[in-house]
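Shown next: coords02.tsv, given as TSV, C-alpha atoms.
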chain	number	residue	atom	x	y	z
A	68	MET	CA	0.00	0.00	0.00
A	69	THR	CA	1.37	3.39	-0.89
A	70	HIS	CA	1.43	6.47	1.19
A	71	GLU	CA	-1.44	8.01	-0.80
A	72	ASN	CA	-3.58	4.92	-0.27
A	73	GLN	CA	-2.92	5.06	3.48
A	74	GLN	CA	-3.94	8.72	3.58
A	75	ALA	CA	-7.10	8.00	1.68
A	76	GLY	CA	-7.86	5.13	4.09
A	77	HIS	CA	-7.45	7.40	7.11
A	78	GLN	CA	-9.64	10.08	5.55
A	79	GLN	CA	-12.32	7.51	4.79
A	80	ALA	CA	-12.16	6.20	8.40
A	81	GLY	CA	-12.59	9.75	9.73
A	82	ILE	CA	-15.55	10.34	7.40
A	83	ASP	CA	-17.14	7.05	8.48
A	84	ALA	CA	-16.74	7.98	12.17
A	85	LEU	CA	-18.29	11.40	11.55
A	86	GLU	CA	-21.22	9.83	9.71
A	87	ALA	CA	-21.71	7.36	12.58
A	88	MET	CA	-21.82	10.22	15.10
A	89	GLU	CA	-24.35	12.11	12.96
A	90	ARG	CA	-26.54	8.98	12.72
A	91	ALA	CA	-26.33	8.52	16.52
A	92	GLU	CA	-27.34	12.17	17.04
A	93	ALA	CA	-30.21	11.83	14.60
A	94	GLU	CA	-31.39	8.68	16.36
A	95	ALA	CA	-30.94	10.33	19.74
A	96	SER	CA	-32.96	13.40	18.71
A	97	SER	CA	-35.79	11.18	17.50
A	98	ALA	CA	-35.61	8.96	20.62
A	99	PRO	CA	-37.93	9.60	23.57
A	100	LEU	CA	-36.80	12.04	26.24
A	101	HIS	CA	-36.02	9.42	28.90
A	102	ARG	CA	-33.69	7.57	26.49
A	103	ARG	CA	-31.89	10.81	25.61
A	104	ILE	CA	-31.46	11.60	29.34
A	105	LEU	CA	-30.19	8.08	29.97
A	106	ALA	CA	-27.71	8.36	27.09
A	107	TRP	CA	-26.49	11.74	28.38
A	108	MET	CA	-26.04	10.36	31.90
A	109	GLN	CA	-24.07	7.39	30.57
A	110	ARG	CA	-21.70	9.77	28.76
A	111	ALA	CA	-21.41	12.34	31.59
A	112	TRP	CA	-21.09	10.23	34.77
A	113	ARG	CA	-17.29	9.86	34.63
A	114	PRO	CA	-16.44	13.55	34.24
A	115	GLY	CA	-19.05	14.41	36.87
A	116	ALA	CA	-17.74	11.82	39.29
A	117	THR	CA	-14.20	13.08	38.69
A	118	ALA	CA	-15.27	16.65	39.50
A	119	VAL	CA	-16.98	15.49	42.70
A	120	ALA	CA	-13.89	13.49	43.73
A	121	VAL	CA	-11.61	16.48	43.10
A	122	ALA	CA	-13.94	18.76	45.08
A	123	LEU	CA	-14.03	16.30	48.00
A	124	ALA	CA	-10.23	15.94	47.95
A	125	GLY	CA	-9.88	19.75	48.01
A	126	LEU	CA	-12.32	20.02	50.91
A	127	LEU	CA	-10.43	17.32	52.81
A	128	MET	CA	-7.10	19.10	52.26
A	129	TRP	CA	-8.56	22.40	53.48
A	130	HIS	CA	-9.94	20.67	56.58
A	131	VAL	CA	-6.59	18.98	57.32
A	132	VAL	CA	-4.80	22.34	57.23
A	133	ASN	CA	-7.38	24.76	58.64
A	134	GLY	CA	-9.87	22.55	60.48
A	135	LYS	CA	-10.57	22.42	64.21
A	136	HIS	CA	-7.64	20.05	64.77
A	137	GLY	CA	-5.68	20.98	61.62
A	138	LEU	CA	-2.01	21.61	61.05
A	139	SER	CA	-2.15	25.32	61.81
A	140	VAL	CA	-3.78	24.68	65.21
A	141	TRP	CA	-1.29	21.89	65.87
A	142	GLN	CA	1.66	24.19	65.15
A	143	LYS	CA	0.28	26.87	67.49
A	144	GLN	CA	-0.25	24.33	70.25
A	145	ARG	CA	3.23	22.90	69.71
A	146	ALA	CA	4.80	26.35	70.07
A	147	GLU	CA	2.74	26.98	73.21
A	148	ASP	CA	3.78	23.58	74.57
A	149	GLN	CA	7.47	24.38	74.04
A	150	GLN	CA	7.07	27.77	75.72
A	151	LEU	CA	5.29	26.18	78.71
A	152	ARG	CA	7.99	23.50	78.99
A	153	LYS	CA	10.62	26.27	79.10
A	154	GLU	CA	8.66	28.05	81.86
A	155	ILE	CA	8.39	24.79	83.83
A	156	GLN	CA	12.12	24.21	83.48
A	157	ASP	CA	12.86	27.76	84.68
A	158	LEU	CA	10.50	27.35	87.65
A	159	ASP	CA	12.09	23.99	88.54
A	160	GLN	CA	15.51	25.65	88.58
A	161	GLU	CA	14.15	28.50	90.74
A	162	ASN	CA	12.60	25.96	93.14
A	163	ALA	CA	15.90	24.06	93.41
A	164	ARG	CA	17.77	27.30	94.12
A	165	LEU	CA	15.25	28.29	96.81
A	166	ARG	CA	15.35	24.80	98.39
A	167	ALA	CA	19.13	25.00	98.57
A	168	HIS	CA	18.88	28.45	100.16
A	169	ILE	CA	16.38	27.14	102.73
A	170	GLU	CA	18.70	24.24	103.59
A	171	ARG	CA	21.62	26.67	104.06
A	172	LEU	CA	19.47	28.82	106.35
A	173	LYS	CA	18.51	25.75	108.39
A	174	THR	CA	22.07	24.50	108.86
A	175	ASP	CA	24.61	27.31	108.28
A	176	PRO	CA	24.87	30.00	111.01
A	177	GLU	CA	26.82	32.29	108.68
A	178	ALA	CA	23.99	32.18	106.14
A	179	ILE	CA	21.52	33.08	108.88
A	180	GLU	CA	23.71	35.98	109.99
A	181	HIS	CA	24.13	37.21	106.43
A	182	GLU	CA	20.38	37.11	105.86
A	183	ALA	CA	19.68	38.94	109.16
A	184	ARG	CA	22.18	41.69	108.31
A	185	GLU	CA	21.03	42.14	104.67
A	186	LYS	CA	17.27	41.85	104.97
A	187	LEU	CA	16.52	42.85	108.56
A	188	HIS	CA	19.41	45.30	109.10
A	189	TYR	CA	20.47	43.62	112.35
A	190	ALA	CA	23.77	44.53	113.94
A	191	LYS	CA	26.01	42.97	116.57
A	192	PRO	CA	26.41	44.79	119.87
A	193	GLY	CA	28.69	47.79	119.40
A	194	GLU	CA	28.26	47.96	115.59
A	195	VAL	CA	26.78	50.97	113.83
A	196	ILE	CA	24.89	50.49	110.56
A	197	VAL	CA	25.19	53.25	108.02
A	198	THR	CA	22.79	53.08	105.09
A	199	LEU	CA	23.78	54.98	102.00
A	200	PRO	CA	21.16	56.02	99.47
A	201	ASP	CA	21.22	54.28	96.11
A	202	ALA	CA	22.84	56.41	93.44
A	203	LYS	CA	20.27	55.28	90.87
A	204	LYS	CA	17.19	56.21	92.89
A	205	THR	CA	18.30	59.59	94.24
A	206	PRO	CA	18.15	62.52	91.83
A	207	PRO	CA	21.23	64.74	91.75
A	208	PRO	CA	21.02	67.80	93.99
A	209	ALA	CA	19.64	70.89	92.32
A	210	PRO	CA	22.17	73.69	91.83
A	211	THR	CA	21.77	76.59	94.22
A	212	PRO	CA	21.22	79.99	92.65
A	213	ALA	CA	24.22	82.31	92.84
A	214	LYS	CA	23.83	85.63	94.72
Would you mind writing the file out in structure tokens?
Amino acid sequence: MTHENQQAGHQQAGIDALEAMERAEAEASSAPLHRRILAWMQRAWRPGATAVAVALAGLLMWHVVNGKHGLSVWQKQRAEDQQLRKEIQDLDQENARLRAHIERLKTDPEAIEHEAREKLHYAKPGEVIVTLPDAKKTPPPAPTPAK
């Protein structure tokens, strides 16, 4: 078979397919309404089902990210959890430091004396306590006007 014969064969096949579609349309237009609806549904169910599946997949993805228990909420809760764990760790360290201080106050007389002198301003007999004002809290003296 030559190239021209093959082309003619393909053209004839295309024409035959077109004629078959026209006959099917003519038969469909003369068919009763329920048969035309049934034929349309048989042709359209796959694209329609695909569209519904894509829409459901999109809705599911949105819900996974933005839903009540979605990824964005999970990330916020994870950050809050890490921050709370850090606070707990800091408070545990503070508690350990305070417990150690309490134990020193219970057992070490020098620690008791230091605390009494610093916090309560106690003095031993014959000592004089002089309290100096803090440089940060006291404003500098105002200059006196010259006469």
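Reported to one decimal place, the separation of atom CA of A:His181 from atom CA of A:Ile196 is 13.9 Å.
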Just the number, please: distance in Å from atom CA of A:Val140 to atom CA of A:Leu126, one decimal. 17.3 Å
d(atom CA of A:Ala122, atom CA of A:Lys143) in Å: 27.8 Å
